[in-house]
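Q: Would you mind keeping the following structure in view while I ask a few things?
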2 protein chains.
Amino acid sequence: MDDEAEGALVQLRAYLTQQDLPANARLPAERELCEILGVSRGELRKALAVLEGHGELWRHVGKGTFIGARPGDEFDNIAEIAQASNPREVMHARLLIEPMLAAEAALGASAAEIAEMRDCLAASRQARTWRHYENCDNRLHRLIAGASRSTLLLALFDTLNAVRRAVVWGRLRDTADRPPAGHHSFLEHERIVQHITDRDTEGARAAMHAHLTTVSRKLLAVRQAAE
Amino acid sequence: MDDEAEGALVQLRAYLTQQDLPANARLPAERELCEILGVSRGELRKALAVLEGHGELWRHVGKGTFIGARPGDEFDNIAEIAQASNPREVMHARLLIEPMLAAEAALGASAAEIAEMRDCLAASRQARTWRHYENCDNRLHRLIAGASRSTLLLALFDTLNAVRRAVVWGRLRDTADRPPAGHHSFLEHERIVQHITDRDTEGARAAMHAHLTTVSRKLLAVRQAAE
DNA sequence: CGATTTAACCAATATATGATTGGTTAGGCA
DNA sequence: TGCCTAACCAATCATATATTGGTTAAATCG
């Protein structure tokens, strides 16, 4: 009953084998291809649908038709990730990844990097506004990630960090205020840097984990108080 | 001596405090702003340079002038990361991150996800080409990442994976060949999935670490042989 | 002469416009 | 009924235009 349809399919298969297109290659637009094969567009689309169902090619509006399996629907931009995520996930990911980065930093940090970390510590104690303090905090955490001596790990940290900034946290603290002298992060940050200076990987890992645990607890407390 | 220059600066400062612009806000183009303030563009630019040096704002051609600190030069696209990275870094990052994801998967994997993993295992054993096998391998590793029940961790895994694919590995194996029946990954993959099924987080972590260590060793051997 | 303004240009970026593509629908036609 | 055709749609790409910070050189003025 569907001789013509099958005919279009074999014509298409013949065309594909003849052209011997490599993976991810883009084949002509449907309007061209159906003219090349001398088939109606409807028949061609049926044949394409079969091959797509079989995973031999994939199509997308505005882009075209391509050889191979459809690329996974990976997130490409930060905003998209942030929208699908939430503060809990961000904190969870930080607790998993940043202690690991601290341990790597303890292995690979240069003297210059450690000196810059100590600059950060001093600057954060002198910060006169939360905004300024958070700049120092970000810089320190990124310095630690960078000390892993891996551009890839740094890039992953940057992604995580960008998502963290993009996720809606609600308003957490009065921006007019300033960090108190006994703020928990001061000592915790210094402990981390000290372990990195001592090349103590497990100490650095544990110190970072403890720090982020405290941050997480404070954060949850503020969020619950706001509800 | 530079009374006029200082004059432009105070005018600009006054404008900024008056407008009370939020962070990352974009202020008018220089050509407009110098007309608003009644200052020449040169003087305005001097004043802007001072504030930029002080970290109160940042500028970029084609974009504009913005309040706050210049955003870090974070990588935004995969290709950029891949170009700055290399196979060694990729393998290193995988060894740090994927065992962690396997442990998370052991905690959170659903029955459906575990079943899908086992499908993957079976399919990979039946793969008739390296290309097909690698599809199964990718799918399995991504399933494990997805079983962490964190869209953020999955997104980070996808980033790492995209970089892995984009990094130049050189040609590693003859694509015409197919994976041998005794390929090391078969057993290693099955061990990982078994630990996840048993909710054995540390077993899953160790199995994934062992698996990636083997992969890394094989890879280095091939690369050295090619030199 | 020296310092500034001004105007014009430059490269990078943003924005707008038109063309192209896969997907869909309605009418013509055998 | 079954199919083709043509037209349309939304998503995407490709191209052109406008805008922006940065730079330079002639004009202008004290």
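By order in the structure tokens, chains are A, B, ...; within a chain, residues start at 1; ligands start at 1, following the order shown.
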May I have a table of the residues of chain D lying at most 12 Å from segment 1-9 of chain C, giving each one's closest pair of atoms and their distance in Å to one decimal, counting only C-alpha atoms (C1' of nucleotides), ordered by chain and ascending residue number, as a Markdown table?
A:
```
| residue | atom | partner | partner_atom | distance |
| --- | --- | --- | --- | --- |
| D:DG22 | C1' | C:DC9 | C1' | 10.7 |
| D:DT23 | C1' | C:DC9 | C1' | 8.4 |
| D:DT24 | C1' | C:DC9 | C1' | 8.1 |
| D:DA25 | C1' | C:DA8 | C1' | 8.9 |
| D:DA26 | C1' | C:DA7 | C1' | 8.8 |
| D:DA27 | C1' | C:DT6 | C1' | 7.4 |
| D:DT28 | C1' | C:DT5 | C1' | 7.2 |
| D:DC29 | C1' | C:DT4 | C1' | 8.2 |
| D:DG30 | C1' | C:DA3 | C1' | 8.8 |
```
Q: How close does each residue of chain A get to chain C, giving the shortest atom pair and distance in Å to one decimal for every residue with an atom at most 12 Å away, counting only C-alpha atoms (C1' of nucleotides), sorted by chain and residue number, as CSV?
A:
```
residue,atom,partner,partner_atom,distance
A:Arg26,CA,C:DT21,C1',11.8
A:Leu27,CA,C:DT21,C1',11.6
A:Pro28,CA,C:DT21,C1',10.1
A:Ala29,CA,C:DT21,C1',6.8
A:Glu30,CA,C:DG22,C1',8.0
A:Arg31,CA,C:DT21,C1',9.2
A:Glu32,CA,C:DT21,C1',11.0
A:Arg41,CA,C:DG22,C1',11.5
A:Gly42,CA,C:DG23,C1',11.3
A:Arg45,CA,C:DG22,C1',9.7
A:Leu48,CA,C:DG22,C1',11.2
A:Ala49,CA,C:DG22,C1',11.5
A:Trp58,CA,C:DG22,C1',10.6
A:Arg59,CA,C:DG22,C1',7.0
A:His60,CA,C:DG22,C1',5.9
A:Val61,CA,C:DG22,C1',4.1
A:Gly62,CA,C:DT21,C1',4.1
A:Lys63,CA,C:DT21,C1',5.9
A:Gly64,CA,C:DT21,C1',5.7
A:Thr65,CA,C:DG22,C1',8.1
A:Phe66,CA,C:DG22,C1',11.7
```
Q: Residues within 7 Å of Glu43 of chain B, please, as a ChimeraX atom specification. Count only C-alpha atoms (C1' of nucleotides); anything in the same chain fewer than 3 positions from it doesn't count.
A: /B:5,8,39-40,46-47
Q: The selected residues should be written to file as an mmCIF file, in the first residue's frame (atoms: C-alpha atoms).
A:
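Contents of the output file part15.cif:
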```cif
data_model
loop_
_atom_site.group_PDB
_atom_site.id
_atom_site.type_symbol
_atom_site.label_atom_id
_atom_site.label_comp_id
_atom_site.auth_asym_id
_atom_site.auth_seq_id
_atom_site.Cartn_x
_atom_site.Cartn_y
_atom_site.Cartn_z
ATOM 1 C CA ALA B 5 39.295 67.899 35.817
ATOM 2 C CA ALA B 8 34.180 67.115 36.095
ATOM 3 C CA VAL B 39 31.487 68.878 30.369
ATOM 4 C CA SER B 40 33.704 68.060 27.419
ATOM 5 C CA LYS B 46 39.281 61.492 32.709
ATOM 6 C CA ALA B 47 36.749 61.424 35.522
#
```
Q: Check the smallest atom-to-atom distance from each of B:Ile114, B:Leu51, B:Ala166, B:Ala181 to Gln126 of chain B using only C-alpha atoms, then report the winner.
A: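 Answer, going by the shortest atom-to-atom distance: B:Ala181.
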Q: Find the residues of chain B in contact range of chain A, meaning any atom within 7 Å when counting only C-alpha atoms, and list them as JSON, numbers by chain.
A: {"B": [74, 75, 81, 84, 85, 89, 93, 150, 151, 152, 153, 155, 156, 158]}
Q: Could you please select, counting only C-alpha atoms (C1' of nucleotides), the residues of chain D within 7 Å of chain B and state them as a ChimeraX atom specification?
A: /D:19-21
Q: Where does DSSP see helix (DSSP H, G or I) in segment 9-180 of chain A, if you list the residues as a VMD selection string?
A: chain A and resid 9 to 19 30 to 36 41 to 53 78 to 84 87 to 108 111 to 126 130 to 146 151 to 166
Q: If you measure from atom CA of Ala25 of chain B to atom CA of Glu56 of chain B, what distance in Å do you get, rounded to one decimal?
A: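 According to the coordinates, atom CA of Ala25 of chain B and atom CA of Glu56 of chain B are separated by 11.7 Å.
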Q: Quick one: pick out all strand (DSSP E or B) residues within segment 10-226 of chain B from a backbone DSSP run and write them as a list of chain:residue names.
A: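 Here is the list: B:Arg26, B:Leu27, B:Leu57, B:Trp58, B:Arg59, B:His60, B:Gly64, B:Thr65, B:Phe66, B:Ile67.
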Q: Which residues come within 10 Å of Tyr15 of chain B, counting only C-alpha atoms (C1' of nucleotides), excluding same-chain residues fewer than 4 positions away, as a list in words?
A: Leu9, Val10, Gln11, Gln19, Asp20, Leu21, Leu33, Ile36 and Leu37 of chain B
